[in-house]
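Novice: What follows is a single structure, and I will ask about it in a moment.
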Amino acid sequence: MTQPDEHAPAWISGGSSGIGLEVARQLAARGRPVVLLARNEERMATAAALIGKDVPGAVVSCIPCDVTDYAAVEAAAAHAIAEHGAPGVVVASAGLAEPGVFLEQRIEAHQAQFNANYVGTLNLCHVAAPIMKDAGGGQLALVSSGAAFFGIYGYGAYAPSKFAVRALAEVLRVELAPHDIAVTLCYPPDTDTPMLEYEMRTKPEATKIISEGGGLWKPEDVAAALLRGMDRGRFAVTPGWQMSALYWIAPLIWPIMRWHQGRVIRKVAGK
């Protein structure tokens, strides 16, 4: 594809913290204006100040937006275009993780995670893609999860939303290619972010044991891996050897993972 204008703005949902914030900071360091899209105005202002401190002269706009609200995304897009023009990069990074055992979790937890993780990503992509098409192309990045490779105990609400993000990205990769829009899908491992802190509050013990093998990544390293993959035109970005292995051989190792999960669950239940 034609490389997008390196000075065209980048829109980042969930850009006020975690991986989204680090993506914004690193893109700002490259000279791109960045537009943060998030619900919490105070956290966005703090994020913008952090970027400004690390990247003197950075151009950062904060637009309050609940990406689960399609009309709000349309309004935010119009605001961003009026300020900076059409985006060259759009990163859908907003998300929510609240694990729990399926039989114990309220339906509202399922709905909230599907809305935040999938519907929010869908809304941003649906609004941004036609704008990028009319502008001549660009780069679109979606953030999924290692939980999108196969079912994991405790992720009955979270994993389906990330499987859906994966499916959407695979479709968009094919459909948007003729319009010079490159699509990248990131599968972050556990990352030291506010979202993970929130996730740990409800994470079942068995889920902690099952997922601890991947280690804990820094958000700046995941962001760097994502941007490096986008620079190289890769569709799938899998930070770390564990995510890479899961991406390529998930269907083969699923029976082993199912056995391992069963063993952990029985051990925890026997305590």
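Every chain in the structure tokens takes a letter, A first, then B, and so on in the order presented; its residues are numbered from 1, and the ligands are numbered from 1 following the presented order.
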Give me, as a ChimeraX atom specification, all polymer residues having an atom no more than 12 Å from Thr238 of chain A, counting only C-alpha atoms and skipping those fewer than 6 positions away in the same chain.

Specialist: /A:143-146,148-149,184-190,214,221-230,244-248

Novice: Restricted to C-alpha atoms, what would the selected residues look like written as a tab-separated table (two decimals), in the first residue's frame?

Specialist:
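Everything below was put into selection.tsv:
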chain	number	residue	atom	x	y	z
A	143	VAL	CA	-6.25	-4.56	19.58
A	144	SER	CA	-7.40	-8.09	20.39
A	145	SER	CA	-5.91	-10.43	23.01
A	146	GLY	CA	-4.25	-13.77	23.55
A	148	ALA	CA	-8.80	-14.77	21.16
A	149	PHE	CA	-6.82	-17.91	20.34
A	184	THR	CA	-3.12	-4.68	11.65
A	185	LEU	CA	-4.34	-6.85	14.52
A	186	CYS	CA	-2.41	-6.91	17.80
A	187	TYR	CA	-2.54	-9.76	20.34
A	188	PRO	CA	-1.03	-8.27	23.52
A	189	PRO	CA	0.08	-10.57	26.34
A	190	ASP	CA	-0.68	-9.53	29.92
A	214	GLY	CA	3.12	-15.37	29.53
A	221	ASP	CA	7.07	-2.44	24.66
A	222	VAL	CA	3.70	-3.64	23.38
A	223	ALA	CA	3.11	-0.27	21.71
A	224	ALA	CA	6.54	-0.40	20.08
A	225	ALA	CA	5.84	-3.91	18.78
A	226	LEU	CA	2.50	-2.79	17.36
A	227	LEU	CA	3.97	0.23	15.57
A	228	ARG	CA	6.90	-1.83	14.29
A	229	GLY	CA	4.46	-4.34	12.85
A	230	MET	CA	2.43	-1.57	11.23
A	244	SER	CA	3.74	-15.85	18.35
A	245	ALA	CA	3.61	-19.55	19.15
A	246	LEU	CA	-0.07	-19.37	20.07
A	247	TYR	CA	-0.88	-17.54	16.85
A	248	TRP	CA	0.74	-20.16	14.64

Novice: Sort by chain and increasing residue number a table of all residues of segment 31-53 of chain A within 9 Å of segment 13-19 of chain A, each with its closest pair of atoms and their distance in Å to one decimal, counting only C-alpha atoms, and write it as JSON lines.

Specialist:
{"residue": "A:Val35", "atom": "CA", "partner": "A:Gly15", "partner_atom": "CA", "distance": 8.2}
{"residue": "A:Leu36", "atom": "CA", "partner": "A:Gly15", "partner_atom": "CA", "distance": 5.0}
{"residue": "A:Leu37", "atom": "CA", "partner": "A:Ser13", "partner_atom": "CA", "distance": 4.6}
{"residue": "A:Ala38", "atom": "CA", "partner": "A:Gly14", "partner_atom": "CA", "distance": 5.3}
{"residue": "A:Arg39", "atom": "CA", "partner": "A:Gly14", "partner_atom": "CA", "distance": 8.4}
{"residue": "A:Asn40", "atom": "CA", "partner": "A:Ser16", "partner_atom": "CA", "distance": 8.0}
{"residue": "A:Glu41", "atom": "CA", "partner": "A:Ser16", "partner_atom": "CA", "distance": 8.8}
{"residue": "A:Arg43", "atom": "CA", "partner": "A:Ser16", "partner_atom": "CA", "distance": 5.8}
{"residue": "A:Met44", "atom": "CA", "partner": "A:Ser16", "partner_atom": "CA", "distance": 4.7}
{"residue": "A:Ala45", "atom": "CA", "partner": "A:Ser16", "partner_atom": "CA", "distance": 8.0}
{"residue": "A:Thr46", "atom": "CA", "partner": "A:Ser16", "partner_atom": "CA", "distance": 7.7}
{"residue": "A:Ala47", "atom": "CA", "partner": "A:Ser16", "partner_atom": "CA", "distance": 5.2}
{"residue": "A:Ala48", "atom": "CA", "partner": "A:Ser16", "partner_atom": "CA", "distance": 7.8}

Novice: Store the residues of this selection in a file with C-alpha atoms, as a compact mmCIF listing (two decimals), in the first residue's frame.

Specialist:
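Once written, out-v1.txt looks like this:
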# COMPACT_ATOMS: atom_id res chain seq x y z
CA VAL A 35 -6.09 12.70 18.87
CA LEU A 36 -7.01 10.94 22.11
CA LEU A 37 -10.53 9.51 22.28
CA ALA A 38 -11.71 8.47 25.74
CA ARG A 39 -14.55 8.98 28.18
CA ASN A 40 -12.67 10.45 31.11
CA GLU A 41 -11.63 14.04 30.39
CA ARG A 43 -7.40 11.23 32.54
CA MET A 44 -7.11 12.46 28.97
CA ALA A 45 -5.76 15.80 30.14
CA THR A 46 -3.22 13.98 32.32
CA ALA A 47 -2.24 11.78 29.37
CA ALA A 48 -1.82 14.81 27.11

Novice: Using only C-alpha atoms, which of the listed residues (A:Val23, A:Ile12, A:Leu196, A:Ile181) sits closest to Thr121 of chain A?

Specialist: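 Looking only at the distances to Thr121 of chain A, the closest residue turns out to be A:Ile12.
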
Novice: Using only C-alpha atoms, can you tell me which of A:Trp259, A:Phe150, A:Trp11, A:Tyr118 comes closest to Ala80 of chain A?

Specialist: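 Closest residue, counting only C-alpha atoms: A:Trp11.
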
Novice: Output as a tab-separated table (two decimals) with C-alpha atoms, in the first residue's frame all residues of segment 4-228 of chain A that backbone DSSP marks as strand (DSSP E).

Specialist:
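Now in part-v7.tsv:
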chain	number	residue	atom	x	y	z
A	10	ALA	CA	-3.47	9.54	14.47
A	11	TRP	CA	-6.70	8.77	16.30
A	12	ILE	CA	-6.36	6.51	19.32
A	13	SER	CA	-9.32	5.24	21.30
A	34	VAL	CA	-2.42	12.65	17.98
A	35	VAL	CA	-6.09	12.70	18.87
A	36	LEU	CA	-7.01	10.94	22.11
A	37	LEU	CA	-10.53	9.51	22.28
A	38	ALA	CA	-11.71	8.47	25.74
A	60	VAL	CA	-2.22	16.42	21.22
A	61	SER	CA	-5.98	16.88	21.08
A	62	CYS	CA	-8.36	15.39	23.65
A	63	ILE	CA	-11.88	14.63	22.48
A	64	PRO	CA	-14.28	13.10	25.02
A	89	VAL	CA	-3.54	6.16	11.43
A	90	VAL	CA	-6.43	4.92	13.57
A	91	VAL	CA	-5.83	2.65	16.56
A	92	ALA	CA	-8.79	1.02	18.32
A	138	GLY	CA	-4.17	4.83	5.77
A	139	GLN	CA	-3.47	2.37	8.55
A	140	LEU	CA	-6.05	0.83	10.84
A	141	ALA	CA	-5.00	-1.11	13.95
A	142	LEU	CA	-7.26	-3.20	16.18
A	143	VAL	CA	-6.25	-4.56	19.58
A	181	ILE	CA	-6.07	0.83	3.93
A	182	ALA	CA	-3.74	-1.55	5.75
A	183	VAL	CA	-5.18	-3.43	8.72
A	184	THR	CA	-3.12	-4.68	11.65
A	185	LEU	CA	-4.34	-6.85	14.52
A	186	CYS	CA	-2.41	-6.91	17.80

Novice: With a cut-off of 8 Å, could you pull out the residues of segment 108-187 of chain A touching segment 204-207 of chain A and give me the nearest pair of atoms for each, distance in Å to one decimal, using only C-alpha atoms, ordered by chain and ascending number, as a tab-separated table?

Specialist:
residue	atom	partner	partner_atom	distance
A:Ile152	CA	A:Thr207	CA	7.5
A:Tyr153	CA	A:Thr207	CA	5.9
A:Gly154	CA	A:Thr207	CA	5.8

Novice: Got time to write the residues from that selection, N, CA and C atoms, as a PDB file, in the first residue's frame?

Specialist:
ATOM      1  N   ILE A 152     -10.495 -19.796  27.418  1.00  0.00           N
ATOM      2  CA  ILE A 152      -9.733 -19.901  28.660  1.00  0.00           C
ATOM      3  C   ILE A 152     -10.690 -19.739  29.840  1.00  0.00           C
ATOM      4  N   TYR A 153     -10.543 -20.603  30.808  1.00  0.00           N
ATOM      5  CA  TYR A 153     -11.372 -20.560  32.014  1.00  0.00           C
ATOM      6  C   TYR A 153     -11.387 -19.148  32.596  1.00  0.00           C
ATOM      7  N   GLY A 154     -12.589 -18.658  32.910  1.00  0.00           N
ATOM      8  CA  GLY A 154     -12.728 -17.347  33.526  1.00  0.00           C
ATOM      9  C   GLY A 154     -12.933 -16.205  32.553  1.00  0.00           C
TER      10      GLY A 154
END

Novice: Would you list, as a ChimeraX atom specification, the residues of segment 27-245 of chain A that end up in alpha helix (DSSP H) under DSSP run on this structure's backbone?

Specialist: /A:27-29,41-54,70-84,107-114,120-135,158-176,194-202,205-211,219-231,240-245

Novice: Between A:Cys125, A:Ala76, A:Ile131, A:Val268, which residue has the minimum interatomic distance to Ile209 of chain A, considering only C-alpha atoms?

Specialist: A:Val268

Novice: How far is it from atom CA of Val101 of chain A to atom CA of Ser161 of chain A, in Å with one decimal?

Specialist: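 Calculated distance between atom CA of Val101 of chain A and atom CA of Ser161 of chain A is 15.9 Å.
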
Novice: Measuring between only C-alpha atoms, which one of A:Ser93, A:Gln242, A:Gln113, A:Thr193 shows the shortest distance to Tyr155 of chain A?

Specialist: A:Gln113

Novice: A:Ile265, A:Pro194, A:Gly136, A:Ala159: which is nearest Lys208 of chain A, counting only C-alpha atoms?

Specialist: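 Of the candidates, the smallest distance to Lys208 of chain A is held by A:Ile265.
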
Novice: Which residue, A:Pro56, A:Gly270, A:Gly120, A:Pro9, has the smallest gap to Gly88 of chain A when you use only C-alpha atoms?

Specialist: A:Pro9

Novice: Between atom CA of Ala29 of chain A and atom CA of Asp5 of chain A, what distance in Å does the model show, to one decimal?

Specialist: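 So the two atoms, atom CA of Ala29 of chain A and atom CA of Asp5 of chain A, lie 15.2 Å apart.
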
Novice: List the spatial neighbours of Ala112 of chain A as a CSV table (one decimal) with N, CA and C atoms, in the first residue's frame - criterion: any atom at most 10 Å away, only C-alpha atoms, same-chain residues fewer than 3 positions off excluded.

Specialist:
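Printed below is part-v2.csv as written:
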chain,number,residue,atom,x,y,z
A,68,THR,N,-18.6,3.3,22.5
A,68,THR,CA,-19.8,2.4,22.3
A,68,THR,C,-21.0,3.1,21.8
A,95,GLY,N,-10.8,-0.7,25.8
A,95,GLY,CA,-11.3,-2.0,26.1
A,95,GLY,C,-11.6,-2.2,27.6
A,96,LEU,N,-12.1,-3.3,28.0
A,96,LEU,CA,-12.5,-3.7,29.3
A,96,LEU,C,-12.3,-5.2,29.6
A,97,ALA,N,-11.7,-5.5,30.7
A,97,ALA,CA,-11.6,-6.9,31.1
A,97,ALA,C,-12.1,-7.1,32.5
A,98,GLU,N,-13.1,-8.0,32.6
A,98,GLU,CA,-13.7,-8.3,33.9
A,98,GLU,C,-14.0,-9.8,34.0
A,107,ILE,N,-25.2,-11.0,33.6
A,107,ILE,CA,-25.3,-10.8,32.2
A,107,ILE,C,-24.8,-9.4,31.9
A,108,GLU,N,-24.9,-8.5,32.8
A,108,GLU,CA,-24.4,-7.1,32.5
A,108,GLU,C,-22.9,-7.1,32.3
A,109,ALA,N,-22.2,-8.0,32.9
A,109,ALA,CA,-20.7,-8.0,32.7
A,109,ALA,C,-20.4,-8.5,31.3
A,115,ASN,N,-19.6,-4.7,24.6
A,115,ASN,CA,-19.8,-3.3,24.1
A,115,ASN,C,-18.5,-2.6,24.0
A,116,ALA,N,-17.7,-2.6,25.1
A,116,ALA,CA,-16.4,-1.9,25.2
A,116,ALA,C,-15.4,-2.5,24.2
A,117,ASN,N,-15.3,-3.8,24.1
A,117,ASN,CA,-14.2,-4.4,23.3
A,117,ASN,C,-14.6,-4.5,21.9
A,118,TYR,N,-15.8,-5.0,21.6
A,118,TYR,CA,-16.1,-5.2,20.2
A,118,TYR,C,-16.9,-4.0,19.6
A,119,VAL,N,-18.0,-3.7,20.2
A,119,VAL,CA,-18.9,-2.6,19.6
A,119,VAL,C,-18.1,-1.3,19.5
A,157,ALA,N,-16.9,-14.0,29.4
A,157,ALA,CA,-17.4,-12.7,29.0
A,157,ALA,C,-16.4,-11.9,28.1
A,158,TYR,N,-15.1,-12.0,28.4
A,158,TYR,CA,-14.1,-11.3,27.8
A,158,TYR,C,-13.7,-11.9,26.4
A,161,SER,N,-15.7,-11.3,23.1
A,161,SER,CA,-15.5,-10.0,22.5
A,161,SER,C,-14.2,-9.8,21.7
